file structure22.txt (compact mmCIF, C-alpha atoms)
# COMPACT_ATOMS: atom_id res chain seq x y z
CA ASP A 26 107.56 204.50 91.11
CA PRO A 27 109.66 203.22 94.03
CA GLU A 28 109.24 199.62 92.81
CA HIS A 29 110.50 200.49 89.31
CA ASN A 30 107.53 198.77 87.67
CA VAL A 31 106.35 201.59 85.41
CA MET A 32 106.93 201.54 81.68
CA PHE A 33 106.08 204.48 79.45
CA ASP A 34 104.24 203.81 76.21
CA LEU A 35 104.57 206.20 73.27
CA HIS A 36 101.95 206.25 70.54
CA MET A 37 103.51 207.65 67.39
CA TYR A 38 101.02 209.53 65.28
CA ALA A 39 100.38 213.11 64.22
CA TYR A 40 103.38 215.01 65.60
CA TRP A 41 106.17 212.46 65.24
CA ARG A 42 108.73 212.77 62.41
CA SER A 43 111.57 210.54 61.24
CA GLY A 44 113.45 213.44 59.63
CA THR A 45 114.30 216.93 60.75
CA ALA A 46 112.06 219.01 58.46
CA GLY A 47 109.58 221.00 60.51
CA VAL A 48 110.66 219.42 63.79
CA GLY A 49 110.20 221.40 66.97
CA THR A 50 110.77 220.36 70.55
CA TRP A 51 108.84 218.25 73.03
CA ASN A 52 108.14 221.13 75.42
CA ASP A 53 106.95 223.71 72.91
CA HIS A 54 104.15 224.88 75.24
CA GLY A 55 101.34 223.53 73.08
CA LEU A 56 102.44 225.05 69.80
CA GLY A 57 102.13 221.65 68.14
CA SER A 58 105.62 221.33 66.71
CA PRO A 59 106.42 217.80 65.48
CA TRP A 60 108.88 215.71 67.45
CA ASN A 61 111.90 213.92 66.00
CA ILE A 62 111.64 210.23 66.92
CA GLU A 63 115.33 209.56 67.45
CA ALA A 64 116.08 212.76 69.39
CA GLU A 65 113.07 212.53 71.70
CA VAL A 66 113.46 208.80 72.40
CA GLN A 67 117.12 209.40 73.28
CA ALA A 68 116.06 212.20 75.65
CA ILE A 69 113.68 209.79 77.40
CA GLN A 70 116.39 207.11 77.63
CA VAL A 71 118.84 209.57 79.18
CA LYS A 72 116.36 210.02 82.02
CA GLY A 73 116.51 206.26 82.65
CA LEU A 74 112.82 205.67 81.94
CA ALA A 75 111.56 202.32 80.67
CA LEU A 76 109.96 202.83 77.27
CA VAL A 77 108.05 200.96 74.58
CA VAL A 78 106.48 202.37 71.45
CA GLY A 79 103.04 200.81 71.82
CA GLU A 80 101.47 202.17 68.65
CA LEU A 81 103.46 202.67 65.47
CA GLY A 82 101.91 202.66 62.04
CA PRO A 83 102.75 202.67 58.35
CA GLU A 84 102.83 205.99 56.53
CA ALA A 85 99.89 204.91 54.35
CA SER A 86 97.76 206.50 57.07
CA PRO A 87 97.31 210.28 57.08
CA GLN A 88 97.78 210.04 60.88
CA VAL A 89 101.43 209.06 60.40
CA GLY A 90 103.92 211.84 59.64
CA TYR A 91 107.09 209.77 59.53
CA THR A 92 108.61 207.12 57.30
CA ALA A 93 107.85 203.85 59.07
CA LYS A 94 111.04 202.07 58.05
CA THR A 95 113.19 205.00 59.18
CA ALA A 96 111.32 205.03 62.51
CA LEU A 97 111.85 201.28 62.93
CA GLN A 98 115.55 201.66 62.13
CA ALA A 99 115.87 204.38 64.79
CA LEU A 100 114.06 202.29 67.41
CA LYS A 101 116.23 199.30 66.57
CA ARG A 102 119.43 201.39 66.96
CA LEU A 103 118.17 202.69 70.30
CA GLY A 104 117.08 199.26 71.55
CA VAL A 105 113.44 200.29 72.04
CA GLY A 106 110.70 197.70 71.55
CA HIS A 107 107.60 198.47 69.54
CA LEU A 108 104.17 197.20 68.59
CA ALA A 109 102.62 197.88 65.20
CA TRP A 110 99.08 199.26 65.20
CA SER A 111 96.92 197.50 64.13
CA TRP A 112 96.55 193.96 62.87
CA SER A 113 93.01 194.23 61.48
CA ALA A 114 89.67 196.06 61.65
CA ASN A 115 91.10 199.41 62.71
CA SER A 116 88.90 202.47 62.14
CA ASP A 117 91.71 203.75 59.88
CA ARG A 118 92.21 200.75 57.57
CA ALA A 119 95.51 202.26 56.35
CA LEU A 120 96.97 201.24 59.74
CA ASP A 121 95.99 197.58 59.34
CA LEU A 122 98.74 195.02 58.69
CA ASN A 123 96.33 192.33 57.46
CA ILE A 124 94.41 192.84 54.20
CA ASP A 125 91.23 191.10 55.38
CA ASN A 126 89.13 193.44 57.55
CA MET A 127 88.41 190.76 60.13
CA GLY A 128 91.17 188.38 59.17
CA TRP A 129 93.34 186.93 61.87
CA ARG A 130 95.36 184.55 59.70
CA TYR A 131 98.83 185.06 58.39
CA ASP A 132 99.85 182.32 56.01
CA SER A 133 101.96 184.32 53.56
CA SER A 134 102.83 187.77 52.29
CA ALA A 135 99.59 187.68 50.32
CA ASP A 136 97.71 188.18 53.62
CA LEU A 137 99.57 191.40 54.43
CA THR A 138 99.31 195.03 53.44
CA ALA A 139 102.49 196.89 52.46
CA GLY A 140 102.73 198.02 56.08
CA GLY A 141 102.28 194.43 57.24
CA ARG A 142 105.10 193.26 54.99
CA LEU A 143 107.34 196.01 56.41
CA PHE A 144 106.57 195.29 60.07
CA ILE A 145 106.71 191.51 59.72
CA GLU A 146 108.83 190.50 56.75
CA ASP A 147 111.31 193.32 56.09
CA PRO A 148 114.78 191.73 56.18
CA GLU A 149 116.23 194.58 58.25
CA VAL A 150 113.47 195.73 60.62
CA GLY A 151 110.68 193.14 60.34
CA LEU A 152 109.68 190.90 63.24
CA GLN A 153 110.86 187.79 61.43
CA THR A 154 114.38 189.23 61.63
CA THR A 155 114.36 191.21 64.88
CA ALA A 156 112.19 189.19 67.27
CA ASP A 157 113.85 187.17 70.01
CA SER A 158 112.31 184.15 71.69
CA PRO A 159 111.63 184.73 75.38
CA ALA A 160 114.31 183.17 77.58
CA ILE A 161 111.64 181.37 79.64
CA PHE A 162 110.80 179.09 76.70
CA PRO A 163 113.19 176.25 75.86

call {"tool": "encode", "arguments": {"input": "structure22.txt", "output": "structure tokens"}}
result
Amino acid sequence: DPEHNVMFDLHMYAYWRSGTAGVGTWNDHGLGSPWNIEAEVQAIQVKGLALVVGELGPEASPQVGYTAKTALQALKRLGVGHLAWSWSANSDRALDLNIDNMGWRYDSSADLTAGGRLFIEDPEVGLQTTADSPAIFP
């Protein structure tokens, strides 16, 4: 992209791991080896590519093969932004952050799943701690 307007979006399910057990390499020619989050994100950063993790979920889902808090710690260390998937009404309810299937409210911890409390309220990696206000707002 000559204008430098492209950002790559990783969705972390299935093959991603937060540890080293059973980890292969990114270019394993389709053998399906899992990828280590920290090592592979660093390899992308070394190439100078803009990156966001656009879908990251709690390990309550069988689609998630990593420990969510460890993944969030790695992304925080590497300065990579992320979005949790999903707030509510996902086909895999284990990925929902809100306990009410069509609930859009967040009034307290009581409205959140364990994954929701991690992604929002965890004192080390939760959004309440890590989020910055955009500079364009006073």

call {"tool": "residues_around", "arguments": {"input": "structure22.txt", "residues": "range 86-97 of chain A", "least_positions_apart": "2", "cutoff": "10 Å", "atoms": "only C-alpha atoms", "output": "number ranges by chain"}}
result
A: 37-44, 59, 61-63, 81-84, 99-103, 105-107, 117-121, 140, 143-144, 147, 149-151

call {"tool": "atom_distance", "arguments": {"input": "structure22.txt", "atom1": "CA of Ala109 in chain A", "atom2": "CA of Val78 in chain A"}}
result
8.6 Å

call {"tool": "atom_distance", "arguments": {"input": "structure22.txt", "atom1": "CA of Ala64 in chain A", "atom2": "CA of Thr155 in chain A"}}
result
22.1 Å

call {"tool": "atom_distance", "arguments": {"input": "structure22.txt", "atom1": "CA of Leu137 in chain A", "atom2": "CA of Asp125 in chain A"}}
result
8.4 Å

call {"tool": "axis_aligned_box", "arguments": {"input": "structure22.txt", "around": "range 91-103 of chain A", "padding_each_side": "3 Å", "output": "lines of an AutoDock Vina configuration file"}}
result
center_x = 113.3
center_y = 204.5
center_z = 63.8
size_x = 18.3
size_y = 16.5
size_z = 19.0

call {"tool": "closest_residue", "arguments": {"input": "structure22.txt", "among": "A:Gln98, A:Ala114, A:Thr138, A:Glu65", "to": "Ala85 in chain A", "atoms": "only C-alpha atoms"}}
result
A:Thr138

call {"tool": "residues_near_point", "arguments": {"input": "structure22.txt", "point": "(113.7, 199.2, 84.7)", "cutoff": "12 Å", "atoms": "all atoms listed in the file", "output": "VMD selection string"}}
result
chain A and resid 26 to 33 70 72 to 77
